[in-house]
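Trainee: Got upload-v5.cif for you, mmCIF, C-alpha atoms:
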data_protein
#
loop_
_atom_site.group_PDB
_atom_site.id
_atom_site.type_symbol
_atom_site.label_atom_id
_atom_site.label_comp_id
_atom_site.auth_asym_id
_atom_site.auth_seq_id
_atom_site.Cartn_x
_atom_site.Cartn_y
_atom_site.Cartn_z
ATOM 1 C CA MET A 24 0.000 0.000 0.000
ATOM 2 C CA VAL A 25 1.415 3.359 -1.058
ATOM 3 C CA ASP A 26 -0.056 6.525 0.471
ATOM 4 C CA LEU A 27 0.793 9.646 -1.530
ATOM 5 C CA SER A 28 -1.379 11.973 0.542
ATOM 6 C CA PRO A 29 -0.288 14.111 3.495
ATOM 7 C CA SER A 30 -1.264 12.685 6.869
ATOM 8 C CA THR A 31 -0.034 12.684 10.434
ATOM 9 C CA VAL A 32 3.073 10.791 11.425
ATOM 10 C CA SER A 33 1.033 8.796 13.934
ATOM 11 C CA PHE A 34 -1.447 7.724 11.256
ATOM 12 C CA ALA A 35 1.380 6.543 8.997
ATOM 13 C CA CYS A 36 2.772 4.445 11.845
ATOM 14 C CA GLU A 37 -0.664 2.998 12.616
ATOM 15 C CA LEU A 38 -1.207 2.159 8.954
ATOM 16 C CA ASP A 39 2.147 0.404 8.877
ATOM 17 C CA ALA A 40 1.258 -1.639 11.967
ATOM 18 C CA VAL A 41 -2.090 -2.731 10.518
ATOM 19 C CA ALA A 42 -0.480 -3.650 7.200
ATOM 20 C CA CYS A 43 2.268 -5.624 8.938
ATOM 21 C CA VAL A 44 -0.203 -7.627 11.043
ATOM 22 C CA ASN A 45 -2.039 -8.584 7.868
ATOM 23 C CA GLY A 46 1.091 -9.583 5.998
ATOM 24 C CA HIS A 47 1.317 -6.464 3.847
ATOM 25 C CA ALA A 48 3.569 -3.437 3.598
ATOM 26 C CA ALA A 49 2.613 0.231 3.862
ATOM 27 C CA ILE A 50 4.721 3.028 2.434
ATOM 28 C CA ASP A 51 4.030 6.613 3.430
ATOM 29 C CA ALA A 52 5.120 8.578 0.384
ATOM 30 C CA PRO A 53 3.584 12.069 0.459
ATOM 31 C CA LEU A 54 3.849 14.032 -2.743
ATOM 32 C CA VAL A 55 5.807 17.294 -2.776
ATOM 33 C CA VAL A 56 5.015 19.922 -5.422
ATOM 34 C CA SER A 57 7.841 22.263 -6.367
ATOM 35 C CA ASP A 58 6.235 25.047 -8.420
ATOM 36 C CA MET A 59 2.721 25.412 -7.034
ATOM 37 C CA VAL A 60 1.635 28.183 -9.398
ATOM 38 C CA CYS A 61 2.424 26.530 -12.718
ATOM 39 C CA GLU A 62 -0.595 25.754 -14.868
ATOM 40 C CA GLU A 63 -0.412 21.958 -14.512
ATOM 41 C CA ALA A 64 1.401 21.451 -11.223
ATOM 42 C CA PHE A 65 0.619 17.732 -10.990
ATOM 43 C CA VAL A 66 1.250 16.823 -14.626
ATOM 44 C CA SER A 67 4.973 17.407 -14.983
ATOM 45 C CA ARG A 68 7.091 14.706 -13.346
ATOM 46 C CA GLU A 69 9.882 17.277 -13.076
ATOM 47 C CA ASN A 70 7.695 19.341 -10.757
ATOM 48 C CA LEU A 71 7.066 16.525 -8.280
ATOM 49 C CA GLY A 72 9.009 14.894 -5.484
ATOM 50 C CA ILE A 73 8.293 12.158 -2.952
ATOM 51 C CA VAL A 74 9.645 11.608 0.558
ATOM 52 C CA ALA A 75 9.065 8.012 1.595
ATOM 53 C CA GLY A 76 9.072 5.967 4.761
ATOM 54 C CA CYS A 77 8.440 2.262 5.340
ATOM 55 C CA ARG A 78 9.291 -0.601 7.666
ATOM 56 C CA GLU A 79 11.678 -2.514 5.415
ATOM 57 C CA ASP A 80 14.229 -1.284 2.912
ATOM 58 C CA ALA A 81 13.203 -4.143 0.617
ATOM 59 C CA ASP A 82 9.622 -2.839 0.497
ATOM 60 C CA TYR A 83 10.870 0.578 -0.549
ATOM 61 C CA LYS A 84 13.030 -0.913 -3.281
ATOM 62 C CA ALA A 85 10.034 -2.881 -4.555
ATOM 63 C CA VAL A 86 7.922 0.254 -5.079
ATOM 64 C CA LYS A 87 10.763 2.597 -6.073
ATOM 65 C CA PRO A 88 10.158 2.127 -9.845
ATOM 66 C CA LEU A 89 6.526 3.155 -9.341
ATOM 67 C CA LEU A 90 7.508 6.213 -7.326
ATOM 68 C CA ASP A 91 10.147 7.142 -9.909
ATOM 69 C CA ALA A 92 7.479 7.047 -12.602
ATOM 70 C CA ILE A 93 5.457 9.603 -10.643
ATOM 71 C CA ALA A 94 8.098 11.999 -9.378
ATOM 72 C CA HIS A 95 11.446 13.356 -10.507
ATOM 73 C CA ARG A 96 13.021 13.203 -7.035
ATOM 74 C CA VAL A 97 12.306 10.316 -4.669
ATOM 75 C CA MET A 98 14.069 9.917 -1.335
ATOM 76 C CA TRP A 99 13.702 7.239 1.321
ATOM 77 C CA MET A 100 13.697 9.024 4.675
ATOM 78 C CA GLY A 101 13.645 6.001 6.994
ATOM 79 C CA HIS A 102 11.215 3.836 8.953
ATOM 80 C CA ALA A 103 7.427 4.011 8.695
ATOM 81 C CA GLY A 104 6.246 7.559 9.353
ATOM 82 C CA ALA A 105 9.525 9.115 8.241
ATOM 83 C CA GLY A 106 8.046 10.264 4.943
ATOM 84 C CA GLN A 107 5.240 12.103 6.711
ATOM 85 C CA LYS A 108 7.666 13.528 9.260
ATOM 86 C CA ALA A 109 9.779 14.975 6.453
ATOM 87 C CA LYS A 110 6.610 16.272 4.805
ATOM 88 C CA VAL A 111 5.701 18.130 8.015
ATOM 89 C CA ALA A 112 9.011 19.996 7.929
ATOM 90 C CA LEU A 113 8.731 20.726 4.208
ATOM 91 C CA THR A 114 5.160 21.982 4.598
ATOM 92 C CA LEU A 115 5.990 24.310 7.485
ATOM 93 C CA GLN A 116 8.939 25.723 5.569
ATOM 94 C CA ARG A 117 6.856 26.177 2.431
ATOM 95 C CA CYS A 118 3.953 27.888 4.188
ATOM 96 C CA ALA A 119 6.253 30.343 5.946
ATOM 97 C CA THR A 120 8.014 31.120 2.661
ATOM 98 C CA LEU A 121 4.744 31.740 0.822
ATOM 99 C CA VAL A 122 3.311 34.037 3.460
ATOM 100 C CA GLY A 123 6.636 35.852 3.706
ATOM 101 C CA ALA A 124 6.585 36.496 -0.047
ATOM 102 C CA VAL A 125 3.000 37.767 0.138
ATOM 103 C CA GLU A 126 3.754 40.120 3.015
ATOM 104 C CA ALA A 127 6.911 41.383 1.294
ATOM 105 C CA GLN A 128 4.945 42.476 -1.767
ATOM 106 C CA VAL A 129 2.171 43.964 0.372
ATOM 107 C CA ALA A 130 4.829 45.974 2.220
ATOM 108 C CA LEU A 131 6.353 47.191 -1.041
ATOM 109 C CA ALA A 132 2.934 48.375 -2.174
ATOM 110 C CA ASN A 133 2.071 50.236 1.028
ATOM 111 C CA VAL A 134 5.160 51.331 2.968
ATOM 112 C CA GLY A 135 6.552 54.769 2.105
ATOM 113 C CA SER A 136 4.009 55.632 -0.566
ATOM 114 C CA ASP A 137 6.155 58.541 -1.768
ATOM 115 C CA VAL A 138 9.111 56.222 -2.459
ATOM 116 C CA ASN A 139 8.871 54.034 -5.537
ATOM 117 C CA VAL A 140 10.527 50.605 -5.506
ATOM 118 C CA MET A 141 9.632 48.164 -8.260
ATOM 119 C CA VAL A 142 8.747 44.633 -7.172
ATOM 120 C CA GLU A 143 10.483 43.325 -10.291
ATOM 121 C CA ASP A 144 13.731 44.949 -9.166
ATOM 122 C CA VAL A 145 13.535 43.287 -5.754
ATOM 123 C CA ILE A 146 12.867 39.893 -7.361
ATOM 124 C CA ASP A 147 15.775 40.399 -9.765
ATOM 125 C CA PHE A 148 18.060 41.340 -6.877
ATOM 126 C CA MET A 149 17.125 38.208 -4.923
ATOM 127 C CA HIS A 150 17.723 36.161 -8.070
ATOM 128 C CA ASP A 151 21.173 37.700 -8.558
ATOM 129 C CA MET A 152 22.002 37.049 -4.896
ATOM 130 C CA ASN A 153 20.902 33.396 -5.204
ATOM 131 C CA SER A 154 18.501 33.988 -2.321
ATOM 132 C CA ILE A 155 15.406 32.778 -4.153
ATOM 133 C CA SER A 156 14.699 29.397 -5.744
ATOM 134 C CA PRO A 157 13.084 29.036 -9.188
ATOM 135 C CA ALA A 158 9.823 27.931 -7.548
ATOM 136 C CA GLN A 159 9.887 30.906 -5.175
ATOM 137 C CA GLU A 160 10.615 33.237 -8.076
ATOM 138 C CA ALA A 161 7.657 31.821 -10.015
ATOM 139 C CA PHE A 162 5.457 32.413 -6.970
ATOM 140 C CA ALA A 163 6.699 35.992 -6.626
ATOM 141 C CA HIS A 164 5.845 36.691 -10.268
ATOM 142 C CA ALA A 165 2.407 35.101 -9.840
ATOM 143 C CA LEU A 166 1.786 37.498 -6.954
ATOM 144 C CA LEU A 167 3.001 40.441 -8.988
ATOM 145 C CA ASP A 168 0.914 39.532 -12.052
ATOM 146 C CA GLU A 169 -2.138 38.590 -9.948
ATOM 147 C CA GLU A 170 -2.256 35.113 -11.457
ATOM 148 C CA TYR A 171 -4.547 33.283 -9.079
ATOM 149 C CA ASP A 172 -5.656 30.345 -11.236
ATOM 150 C CA ALA A 173 -3.703 27.095 -10.948
ATOM 151 C CA SER A 174 -4.225 23.367 -10.579
ATOM 152 C CA PHE A 175 -2.588 23.448 -7.138
ATOM 153 C CA THR A 176 -5.019 25.351 -4.935
ATOM 154 C CA ILE A 177 -5.439 26.682 -1.429
ATOM 155 C CA GLU A 178 -7.369 23.480 -0.724
ATOM 156 C CA HIS A 179 -4.287 21.382 -1.519
ATOM 157 C CA LEU A 180 -2.053 23.647 0.549
ATOM 158 C CA MET A 181 -4.438 23.497 3.499
ATOM 159 C CA GLY A 182 -4.513 19.705 3.308
ATOM 160 C CA GLY A 183 -0.778 19.539 3.871
ATOM 161 C CA ALA A 184 -0.867 22.254 6.525
ATOM 162 C CA THR A 185 -3.698 20.530 8.396
ATOM 163 C CA ALA A 186 -1.721 17.285 8.529
ATOM 164 C CA ALA A 187 1.396 19.135 9.682
ATOM 165 C CA LEU A 188 -0.436 20.962 12.466
ATOM 166 C CA ALA A 189 -2.155 17.744 13.552
ATOM 167 C CA SER A 190 1.242 16.046 13.801
ATOM 168 C CA LEU A 191 2.453 18.904 15.987
ATOM 169 C CA GLU A 192 -0.676 18.669 18.115
ATOM 170 C CA ASP A 193 -0.040 14.952 18.643
ATOM 171 C CA GLU A 194 3.191 16.009 20.351
ATOM 172 C CA GLU A 195 1.471 18.872 22.212
ATOM 173 C CA MET A 196 3.452 21.409 20.206
ATOM 174 C CA ILE A 197 2.293 24.828 19.053
ATOM 175 C CA LEU A 198 4.365 26.754 16.523
ATOM 176 C CA PRO A 199 2.995 30.323 16.285
ATOM 177 C CA GLN A 200 4.172 31.003 12.743
ATOM 178 C CA ALA A 201 2.620 27.785 11.446
ATOM 179 C CA GLU A 202 -0.661 28.605 13.179
ATOM 180 C CA ALA A 203 -0.661 32.139 11.758
ATOM 181 C CA CYS A 204 0.011 30.881 8.230
ATOM 182 C CA TYR A 205 -2.840 28.403 8.510
ATOM 183 C CA ARG A 206 -5.256 31.088 9.727
ATOM 184 C CA LEU A 207 -4.538 33.145 6.613
ATOM 185 C CA MET A 208 -5.340 30.150 4.400
ATOM 186 C CA GLU A 209 -8.426 29.382 6.450
ATOM 187 C CA LEU A 210 -9.666 32.958 6.105
ATOM 188 C CA LEU A 211 -9.183 32.978 2.334
ATOM 189 C CA ALA A 212 -10.982 29.639 2.022
ATOM 190 C CA LEU A 213 -13.821 30.872 4.221
ATOM 191 C CA VAL A 214 -14.569 33.907 2.049
ATOM 192 C CA GLY A 215 -14.602 31.853 -1.149
ATOM 193 C CA GLY A 216 -10.982 31.545 -2.252
ATOM 194 C CA ILE A 217 -10.418 27.844 -1.662
ATOM 195 C CA ASP A 218 -10.082 27.157 -5.410
ATOM 196 C CA LEU A 219 -7.519 29.907 -5.973
ATOM 197 C CA SER A 220 -3.814 29.218 -6.208
ATOM 198 C CA PRO A 221 -1.658 29.904 -3.126
ATOM 199 C CA ALA A 222 -0.822 33.261 -4.729
ATOM 200 C CA GLY A 223 -4.408 34.173 -3.886
ATOM 201 C CA LEU A 224 -3.252 34.721 -0.297
ATOM 202 C CA LYS A 225 -2.356 38.205 -1.467
ATOM 203 C CA LEU A 226 -6.085 38.943 -1.733
ATOM 204 C CA VAL A 227 -6.401 38.735 2.055
ATOM 205 C CA PHE A 228 -4.622 42.102 2.104
ATOM 206 C CA ALA A 229 -6.382 43.599 -0.938
ATOM 207 C CA ASP A 230 -9.142 46.204 -0.988
ATOM 208 C CA GLU A 231 -12.788 45.227 -1.327
ATOM 209 C CA GLU A 232 -13.038 46.242 -4.972
ATOM 210 C CA THR A 233 -10.167 43.924 -5.896
ATOM 211 C CA THR A 234 -11.448 40.982 -3.870
ATOM 212 C CA ASN A 235 -14.933 41.382 -5.344
ATOM 213 C CA ARG A 236 -13.483 40.735 -8.797
ATOM 214 C CA TYR A 237 -12.480 37.284 -7.601
ATOM 215 C CA GLY A 238 -15.822 36.517 -6.000
ATOM 216 C CA LEU A 239 -14.696 36.804 -2.387
ATOM 217 C CA ASP A 240 -17.422 37.557 0.151
ATOM 218 C CA TRP A 241 -16.037 38.971 3.388
ATOM 219 C CA SER A 242 -19.420 38.800 5.103
ATOM 220 C CA ARG A 243 -18.836 35.053 5.418
ATOM 221 C CA ALA A 244 -16.007 35.743 7.839
ATOM 222 C CA GLU A 245 -18.034 37.882 10.243
ATOM 223 C CA GLY A 246 -17.943 36.289 13.670
ATOM 224 C CA ALA A 247 -16.163 33.198 12.355
ATOM 225 C CA PHE A 248 -13.246 33.484 14.764
ATOM 226 C CA GLU A 249 -15.125 34.669 17.851
ATOM 227 C CA SER A 250 -15.621 32.209 20.692
ATOM 228 C CA CYS A 251 -16.157 31.996 24.434
ATOM 229 C CA ASP A 252 -14.194 29.761 26.823
ATOM 230 C CA CYS A 253 -16.653 29.724 29.713
ATOM 231 C CA GLY A 254 -18.620 26.722 28.468
ATOM 232 C CA CYS A 255 -21.724 28.523 27.294
ATOM 233 C CA GLU A 256 -23.408 28.584 23.919
ATOM 234 C CA ASP A 257 -21.740 31.254 21.796
ATOM 235 C CA GLY A 258 -24.581 32.223 19.493
ATOM 236 C CA GLU A 259 -25.146 35.856 18.617
ATOM 237 C CA ASP A 260 -27.705 36.521 21.381
ATOM 238 C CA HIS A 261 -26.543 34.069 24.029
ATOM 239 C CA GLU A 262 -26.315 34.966 27.698
ATOM 240 C CA CYS A 263 -22.920 33.938 28.987
ATOM 241 C CA GLU A 264 -22.731 31.693 32.039
ATOM 242 C CA CYS A 265 -20.022 33.907 33.481
ATOM 243 C CA GLY A 266 -22.559 36.730 33.641
ATOM 244 C CA HIS A 267 -21.062 38.985 30.990
ATOM 245 C CA ASP A 268 -22.562 40.220 27.772
ATOM 246 C CA PRO A 269 -20.400 39.092 24.818
ATOM 247 C CA HIS A 270 -20.755 42.337 22.883
ATOM 248 C CA GLU A 271 -18.079 44.982 22.439
ATOM 249 C CA GLU A 272 -19.302 47.408 25.110
ATOM 250 C CA HIS A 273 -19.274 44.946 28.020
ATOM 251 C CA GLU A 274 -16.548 44.792 30.632
ATOM 252 C CA CYS A 275 -15.048 41.411 29.844
ATOM 253 C CA CYS A 276 -14.176 38.777 32.423
ATOM 254 C CA GLY A 277 -11.186 37.741 30.367
ATOM 255 C CA LYS A 278 -12.690 34.522 29.048
ATOM 256 C CA HIS A 279 -13.947 35.912 25.754
ATOM 257 C CA HIS A 280 -12.003 36.197 22.502
ATOM 258 C CA HIS A 281 -12.809 39.291 20.445
#
Would you write out, as structure tokens, the structure that this file holds?
Mentor:
Amino acid sequence: MVDLSPSTVSFACELDAVACVNGHAAIDAPLVVSDMVCEEAFVSRENLGIVAGCREDADYKAVKPLLDAIAHRVMWMGHAGAGQKAKVALTLQRCATLVGAVEAQVALANVGSDVNVMVEDVIDFMHDMNSISPAQEAFAHALLDEEYDASFTIEHLMGGATAALASLEDEEMILPQAEACYRLMELLALVGGIDLSPAGLKLVFADEETTNRYGLDWSRAEGAFESCDCGCEDGEDHECECGHDPHEEHECCGKHHH
């Protein structure tokens, strides 16, 4: 059994154990996409990689020809779960890089409005300094050109991020940057951007006129991230068990998130 999807490390290990008990082998082999904004991200073998983990080296060697047919770069990372563990690290790195690129261009567009710096010049400088990979450069140009259609979407990116965060949660870990990156994706998906490419994250910072052109509805996000920790129902007109009104003008007991 070969699992190309992102999942938690614990699930990969459980799948391996079940397969072993039944006389089979399980290989966790999550797919890694290099250039996420190219038109057919999953079609080109050159654009795909696989990090694999399995119980026995012989099992990996048996499926290696299949994996090689799918992806340009295939690497065995170790025992069962190792592929997903590597995928967690790759996903966290990728998400941080994407959001960093988005925020960099937003800053260039808004900081020091009387000083003109071309985004293209910054991208060219990073290229000349070897501080940007080809995939990162493609993403930067997609942001600049507002190219938000691609076969690799926010939904795909969130799938990997969800698995990564769940793996961290299994170990009772919280990484603030990873959580913040995920919230940006979640917000874009919530307002209708789940089918956009990851470059669509730039729209989170855009004005209403721009976002309307891409069918985003910000009213969907109203109240989506508000909650109460006191154990009561958190509907719009609920009366909180702690005795406080949940609206803006109340003096909060400290258990509400606004």
Trainee: Grab the atom CA of A:Ser220 to atom CA of A:Met59 distance for me, in Å with one decimal place.
Mentor: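 Taking atom CA of A:Ser220 and atom CA of A:Met59, their separation equals 7.6 Å.
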Trainee: Closest to A:Asp58 among A:Ala81, A:Val129, A:Ala165, A:Val44, using all atoms listed in the file?
Mentor: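 Looking only at the distances to A:Asp58, the closest residue turns out to be A:Ala165.
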Trainee: Residues picked by the PyMOL selection byres ((chain A and resi 190) around 12) here, as a PyMOL selection string?
Mentor: chain A and resi 29-36+104+107-112+114-115+183-189+191-198
Trainee: Given the choices A:Glu126, A:Glu69, A:Glu79, A:Asp39, which gets closest to A:Ile93 if the distance is worked out from only C-alpha atoms?
Mentor: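 Looking at the shortest contact to A:Ile93, the residue is A:Glu69.
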Trainee: Could you expand the PyMOL selection byres ((chain A and resi 209) around 12) into the explicit residues it covers here, written as a PyMOL selection string?
Mentor: chain A and resi 177-178+180-182+184-185+202-208+210-217+221+224+227+243-244+247-248
Trainee: Identify all residues satisfying the PyMOL selection byres ((chain A and resi 95) around 8) in the given file; provide them as a count of residues only.
Mentor: 11
Trainee: Pick from A:Ser57, A:Ser242, A:Gln128, A:Ser28: nearest to A:Ala163, with all atoms listed in the file counted?
Mentor: A:Gln128
Trainee: Just how far from atom CA of A:Asp26 is atom CA of A:Asn45, in Å to one decimal?
Mentor: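 Taking atom CA of A:Asn45 as the start and atom CA of A:Asp26 as the end point, the length is 16.9 Å.
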Trainee: Could you check how far atom CA of A:Leu131 sits from atom CA of A:Pro157, in Å to one decimal?
Mentor: 21.0 Å
Trainee: Using only C-alpha atoms, which residue out of A:Met100, A:Glu232, A:Cys43, A:Val60 lies closest to A:Leu219?
Mentor: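 Looking only at the distances to A:Leu219, the closest residue turns out to be A:Val60.
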Trainee: Of the candidates A:Val55, A:Ala229, A:Leu89, A:Ala161, which shows the shortest atom-to-atom distance to A:Ala130, using only C-alpha atoms?
Mentor: A:Ala229
Trainee: Using all atoms listed in the file, can you tell me which of A:Leu90, A:Ala132, A:Met24, A:Val74 comes closest to A:Gly106?
Mentor: A:Val74
Trainee: Determine the axis-aligned bounding box of all atoms of stretch 111-127 of chain A present in the file, pad each side by 4 Å, and express its centre and edge lengths in Å to one decimal place as JSON.
Mentor:
{"center_x": 6.0, "center_y": 29.8, "center_z": 4.0, "size_x": 14.0, "size_y": 31.3, "size_z": 16.1}
Trainee: Can you pull out the residues contacting A:Ala103? Cut-off 6 Å, using only C-alpha atoms, and skip same-chain residues under 6 positions away; I want them as a list in words.
Mentor: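 Returned residues: Cys36, Gly76, Cys77 and Arg78 of chain A.
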